[in-house]
Structure formats: structure tokens, C-alpha cells
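*Asks:* Once you've had a glance at the structure underneath, I'll fire off some questions.
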Amino acid sequence: TTEIYTLSLHDALPIYRIMKKNIFKLLIFILMGSLTTSCFGDLDTMPLDETQLVGEKVYNTADGYTGVLAKCYSSLILTGQKGGDGGDGDLEGANEGYSGYVRLMFYLQELSTDDFIMPSSSNGLRKCLNLQWDASNASVIRWTYQRLYMTIAYCNELLRECTEDKLKSRGLWNQLGDECASYRAEARFIRAYCYATLCDLFGAVPYIDENTGVKDIPAQWSRKEIFEFAESELKNIDGDLKAPGANVYGRIDCVAAWFLLSRMYLNAQTWIGENHYNDALTYAKKVIDDNHYPLASDYRQIFLADNDQCKEIIWPLVQDGQRAQSSAGTNFYVKAFVNGPMNELYNTGIGSRGWGNVRAKTTLVDAFDADDVMFDTNDTWGNNKKDKRAQFMTALPNQVKETWDSKGAMTSTYTCGYGYIKWRNVTKDDQIPASGDAYTSIDFPLFRTGEAYLTAAEAILRGADGTKDEALKYVNEIRQRAYMSGKYAKNGVRSDVSGTVGLNELTLDFLMAERQRELASELVRRTDLIRFGKFTKGYNWDWKNAERLGADVDDHFQLFPIPQTEFSNNPQLKQNDGY
């Protein structure tokens with residue numbers, strides 16, 4: 001059953017920045033109950049409580065439409081109806097804290113790779129760490145699948161209701177007519193993003209759009225069909241999305257569509273067996289050359305509590321310590337990566353609230369120069385490092401790089417493995433944000449321009465129509481920023497090492513390592529390793545296949561299984577090979 005509640009945006013999540021910008025207060029949110037591929041709520045159901053809004057009331061106001069669009073965005077940020085893991089979670093039967101989108105994607109895209117270890121075995125996390133999951137033993141895989149389809153359902157709902165005919169029949173065309181095309185384009189973009197992500201993670205999946213009926217059993221589309229649908233949507237909405245930089249903070253514009261196309265085309269060879277490297281280069285260059293989202297002058301400021309001021313972020317998932325509380329999102333990225341004693345060594349922005357259950361694998365540490373790895377208690381921001389991306393905690397008593405104890409066993413002791421401290425719930429002035437330290441206020445940079453530079457370089461190395469000198473220019477721009485040399489130099493920060501590399505060093509293996517240094521924890525590592533042919537075989541890391549030093553696994557792990565529970569909803573589904 002679908003339930004719709006009146007909820008102040010101040011109590012939930014802004015598509016606008018509320019705490020940091022203090023601009024708008026919207027009144028309507030659509031908050032649905034659990035949704036799977038076979039359950040799409042009917043907004044005409046009358047509620048028992050007359051304070052609850054149903055379809056004909058929600059869509060009688062312009063704010064109602066804006067609230068539905070807000071829910072399309074916030075379904076990738078919030079975990080339930082009350083905030084702060086307070087119950088009424090989005091997904092029936094799911095652990096609310098575990099089932100937020102960014103946290104789920106960390107388990108699938110980072111924990112399964114050469115980046116991070118999390119010793120927990122609950123909800124299928126050990127299976128993700130070891131690359132030993134199947135169709136029924138990892139709840140986090142099922143919840144990821146369901147959350148993506150839930151978001152698709154919200155987008156479909158807006159698309160059904162935000163039409164010229166319906167707006168005119170409700171007397172709202174004069175208020176919303178100018179925004180109708182943009183609202184629809186944003187919903188189509190979010191839906192395309194979800195389908196592209198399903199294509200990446202699961203391959204062939206059911207297709208559902210605004211015309212799918214409540215009783216319809218969706219057809220399972222091939223991976224190529226899903227890819228091509230997302231591709232066509234992103235191209236078709238280009239003229240209806242806001243111009244670069246013209247939308248409200250937290251909402252997307254046409255640059256986000258260019259960015260997503262560049263990412264999809266870079267992976268097209270892996271996903272659908274087609275070479276689209278020229279297209280990847282074209283769209284990555286559009287992002288870069290447009291320059292509405294230039295590289296931040298200081299890499300570290302992309303991941304702080306005032307990163308709403310960072311111009312590099314193309315699509316932020318907006319967080320706020322008071323009005324968008326959950327144990328997922330960037331709250332997880334700080335608390336899981338930090339334990340209490342760390343706050344005595346630097347300002348974490350969360351005090352003693354850290355859980356301390358995530359650490360860097362040795363392969364992530366070794367991706368950096370050993371001289372840059374060690375934490376200096378007199379230089380807590382790493383200003384004296386060469387590569388400012390080498391943000392690790394190594395200063396706890398008896399702390400070692402290895403993620404195993406003296407007997408070679410996995411352990412939850414935080415001193416086994418270095419902490420990763422790229423995310424800090426403080427401002428660039430090292431102050432705790434006004435929203436406090438109970439929950440973080442760091443916006444998650446789902447899309448940012450730094451990745452586009454590396455996409456352009458890789459596309460060229462893989463055969464796109466560009467020169468190797470051009471590829472080198474893109475890579476060295478990223479590295480100069482990381483080393484804060486050249487035009488990125490700043491008083492009080494070491495800049496005597498440029499970080500630039502020569503043509504002889506620019507190889508695909510180098511780019512794979514550079515993407516790890518630049519994008520660790522940003523939800524692309526599994527996808528990268530598969531594209532470079534290093535995920536299942538030929539390259540190992542801590543605890544892969546449950547071996548301390550890692551071991552190869554079967555290639556079928558390049559796709560996650562369709563969750564077994566979905567087959568009772570849709571008996572026409574075909575499972576991925578190997579499961």
C-alpha cells in the first residue's frame with residue numbers, strides 16, 4: 001500500500017540546501033512504503049488518517065509536484081520516513097541504517113575490491129568482502145536492487161502526473177507549465193541513472209516505466225536493451241534539462257547527463273561488447289570544456305562539511321546533520337572509517353561517535369608513495385605530503401598496515417589496517433558545522449569533474465580519437481591538483497614536487513592506479529577493476545576469496561545475482577549465469 005504524508009522539508013531532505021543556504025521550505029513529500037518490482041503503489045488509495053495526503057490532494061498544489069520530485073532525489077539519500085534510523089524504513093524487512101543507497105553501494109563497489117576491509121559478517125558483508133555471495137546470502141545485494149527500483153517507481157509516478165493535460169485539468173499550468181519539461185527531464189535522468197547502475201551491477205533486469213500497470217509483470221530486458229534505454233533517455237532530455245549551472249543546488253542540469261553518458265560509454269565494451277571510447281571522450285570533454293564545474297583548487301575540500309561551496313561537484317547527494325539524518329550516506333563514511341581515539345589526533349567532526357569498522361586494504365595504501373602515507377600529528381591535514389590524497393590514519397598505538405593479526409587472522413581490532421580519513425565532518429577552517437557532530441553534513445559527490453579528466457585520458461589510451469599528449473595533459477592536471485603544485489600551489493602547503501608524469505609512464509595500469517588514488521571510496525572501484533580485467537583473476541588483494549593475500553574467483557562474480565526473492569514476484573526472470 002502506498003501512504004503519502006505531509007512532511008516539512010525542514011524535517012526531511014532538501015533538494016535545495018536548507019541548512020547551508022537557508023532559502024526554501026517545501027511542505028510536501030511523497031513517502032512510499034516498501035516497493036519491489038511487482039509492487040507499485042496506487043496514489044488514489046484513501047488514507048485512514050485525514051492528515052495524510054493522497055493523489056488528488058498532493059497534485060492539487062505546485063508544492064506537491066515539487067515534493068514528488070524531491071522524493072525522487074531523496075530516495076538516494078534518506079533511508080526512511082522519520083530520519084535518524086527512526087523507523088518506517090523505505091524497504092520492508094531491511095535494516096534501515098544498512099539500506100541507504102550510498103552505504104549499500106559502498107558494500108558492492110568498494111568492499112568487494114582492493115580498497116577497503118570491513119570485518120563484519122552481518123547482512124552479507126563478509127560475502128561481499130570475500131567475493132563469495134550467491135543469490136540468497138547477501139541482504140545488501142537485495143536491498144540495493146530494491147532501492148534502485150523504488151527510485152525508478154518514484155520517477156515513474158512523477159512522469160505519470162506531471163503532464164500538460166493533468167496540470168491544466170488541475171489548474172496548475174500557469175504555475176508549473178514553465179517547469180514541467182524540466183521536472184520531467186530530471187525524473188527521467190534519475191531513472192536513467194538507476195537503470196545504468198542496474199545494468200552495471202546486475203546486467204539484464206526488468207524494465208518498468210510510467211506506463212507499467214500495477215498488475216503487469218515486467219519483461220526482463222537484455223543488458224544491451226537496458227543500456228540503450230538509459231542512453232536514449234539521456235540524449236533525449238538534453239534540451240529540457242537546465243543549462244549548466246542554472247539549476248538549484250542539489251538538482252542536476254545537462255552537465256550531469258553528459259557526465260553519465262561519458263561513464264556509460266567508457267564501460268560499454270565491458271557491459272555490452274561495443275566500443276564507444278570516442279563517445280566517452282566526446283562527453284567527458286563536454287564536461288571539462290564547459291567549465292561550469294571546474295576542478296577544486298584543493299582536493300581535500302571536496303569531502304568536507306562545507307563542500308556545498310565546492311564548484312567541482314556536478315551532482316551532490318545533499319546531507320545535513322539535523323535535517324537529513326541517517327546512518328547511511330556520508331555519516332557512514334566518517335563514522336565507519338573513524339574510531340574514538342582518532343579524534344584525539346585530529347578533528348574528525350564527530351567526536352567519540354566513530355564506529356571504527358572500516359580500514360584501508362594494503363593495496364590501497366601501497367598505491368601511494370610510502371613517504372606520503374604516515375600520519376603526522378603536527379600536520380593533521382597532510383600539508384607537508386607530496387600527494388595530498390594520501391589521507392591515512394597510522395598513528396594509533398601499535399597500528400600496522402596489515403589487515404590481519406600476528407596469527408594471520410582477520411580481526412576487528414582497529415590497529416590492524418590503516419584508517420582512511422579523506423572524509424571529515426568539518427569545514428575547510430577545521431570547524432564543526434552549525435548542524436553539529438551527531439550526524440555529518442558532508443554532501444556526497446556522486447558526480448564530479450575530476451573523474452571526467454581520467455575518463456577522457458583512458459578513452460584516448462583505449463583508442464579514442466585523441467593524442468597521447470592530450471591524455472597526458474588530462475592526467476597531469478589531476479596530479480598537479482593532488483600535489484598542489486603549479487597553479488594549485490598555496491601558501492603553507494608543500495608544492496615543490498609537481499606530481500606530473502611523462503609519456504613513458506602513461507599506461508592503462510598507471511591509470512588504474514591513478515583512479516584508485518583519486519576516486520577511492522567514491523563507488524566506482526569494482527566497475528573500474530572489471531573494465532581493466534583485474535576484478536576476478538590476475539590481481540589479488542586482502543581477503544579476496546577468503547584468502548589473507550587473496551585468490552582468483554570465477555568470472556561470474558563480475559555480475560551480482562538477481563535476488564532470489566524476486567523470482568517469487570516475477571517467475572519469468574532469468575538468473576545470471578553461475579548463480
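Labels for the C-alpha cells follow display order: chains A, B, ..., residues from 1 in each chain, ligands from 1.
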So that I can see what lies close to Asn476 of chain A, please list as a list in words the residues with an atom at most 9 Å from it, counting only C-alpha atoms and leaving out residues fewer than 5 positions away in the same chain.

*Replies:* Ala471, Arg481, Ser498, Gly499, Thr500, Val501 and Gly502 of chain A

*Asks:* Using only C-alpha atoms, what does the table of segment 420-500 of chain A residues within 12 Å of segment 293-314 of chain A look like, with each row giving the shortest atom pair and its distance in Å to one decimal, sorted by chain and ascending number, as CSV?

*Replies:*
```
residue,atom,partner,partner_atom,distance
A:Ile421,CA,A:Phe303,CA,9.9
A:Lys422,CA,A:Phe303,CA,6.7
A:Trp423,CA,A:Phe303,CA,5.2
A:Arg424,CA,A:Leu304,CA,5.4
A:Asn425,CA,A:Ala305,CA,5.1
A:Val426,CA,A:Ala305,CA,5.1
A:Thr427,CA,A:Ala305,CA,5.1
A:Lys428,CA,A:Gln301,CA,6.3
A:Asp429,CA,A:Asp306,CA,9.5
A:Asp430,CA,A:Leu304,CA,9.2
A:Gln431,CA,A:Ala305,CA,9.0
A:Ile432,CA,A:Ala305,CA,8.0
A:Pro433,CA,A:Ala305,CA,6.5
A:Ala434,CA,A:Ala305,CA,9.7
A:Ser435,CA,A:Ala305,CA,9.7
A:Gly436,CA,A:Ala305,CA,10.4
A:Asp437,CA,A:Ala305,CA,10.4
A:Tyr439,CA,A:Ala305,CA,10.7
A:Thr440,CA,A:Ala305,CA,7.2
A:Ser441,CA,A:Ala305,CA,5.0
A:Ile442,CA,A:Ala305,CA,4.2
A:Asp443,CA,A:Asn307,CA,6.5
A:Phe444,CA,A:Phe303,CA,7.7
A:Pro445,CA,A:Ile313,CA,5.7
A:Leu446,CA,A:Ile314,CA,7.8
A:Phe447,CA,A:Ile314,CA,5.3
A:Arg448,CA,A:Ile313,CA,4.4
A:Thr449,CA,A:Glu312,CA,5.6
A:Gly450,CA,A:Leu295,CA,6.4
A:Glu451,CA,A:Leu295,CA,10.0
A:Ala452,CA,A:Leu295,CA,10.2
A:Tyr453,CA,A:Leu295,CA,9.5
A:Tyr474,CA,A:Leu295,CA,11.5
A:Glu477,CA,A:Leu295,CA,9.1
A:Ile478,CA,A:Leu295,CA,8.4
A:Arg479,CA,A:Tyr299,CA,10.2
A:Gln480,CA,A:Ser297,CA,10.0
A:Arg481,CA,A:Ser297,CA,6.7
A:Ala482,CA,A:Tyr299,CA,6.2
A:Tyr483,CA,A:Tyr299,CA,9.2
A:Met484,CA,A:Asp298,CA,7.1
A:Ser485,CA,A:Ser297,CA,10.3
A:Gly486,CA,A:Ser297,CA,11.0
A:Lys487,CA,A:Ser297,CA,8.6
A:Tyr488,CA,A:Ser297,CA,5.8
A:Ala489,CA,A:Ser297,CA,8.6
A:Lys490,CA,A:Asp298,CA,9.0
A:Val493,CA,A:Asp298,CA,10.3
```

*Asks:* Between A:Glu225, A:Asp63, A:Asp465, A:Asp528, single out the one closest to Leu281 of chain A, counting only C-alpha atoms.

*Replies:*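 Among the listed residues, the smallest separation from Leu281 of chain A belongs to A:Asp465.
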
*Asks:* Excluding same-chain residues fewer than 6 positions from Leu260 of chain A, what lies within 10 Å of it counting only C-alpha atoms, as a tab-separated table (two decimals) with C-alpha atoms, in the first residue's frame?

*Replies:*
```tsv
chain	number	residue	atom	x	y	z
A	189	PHE	CA	17.59	11.47	-15.69
A	192	ALA	CA	18.21	6.58	-16.40
A	193	TYR	CA	20.91	6.72	-13.72
A	196	ALA	CA	22.57	2.42	-15.84
A	230	ALA	CA	19.35	4.81	-20.49
A	231	GLU	CA	21.50	6.17	-23.33
A	234	LEU	CA	19.95	10.94	-21.51
A	266	LEU	CA	33.71	4.14	-21.08
A	280	ALA	CA	33.26	8.59	-23.88
A	283	TYR	CA	31.12	13.66	-23.45
A	284	ALA	CA	33.97	13.81	-20.94
A	447	PHE	CA	29.43	13.03	-9.95
A	452	ALA	CA	35.83	13.22	-16.29
```

*Asks:* What does the distance between atom CA of Lys386 of chain A and atom CA of Asp115 of chain A come to in Å, to one decimal place?

*Replies:*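 If I compute the distance from atom CA of Lys386 of chain A to atom CA of Asp115 of chain A, I get 20.9 Å.
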
*Asks:* In segment 329-407 of chain A, what's helix (DSSP H, G or I) per DSSP? Answer as a list in words?

*Replies:* Gly329, Thr330, Asn331, Phe332, Tyr333, Val334, Lys335, Gly340, Pro341, Met342, Asn343, Glu344, Thr362, Thr363, Leu364, Val365, Ala370, Asp371, Asp372 and Val373 of chain A
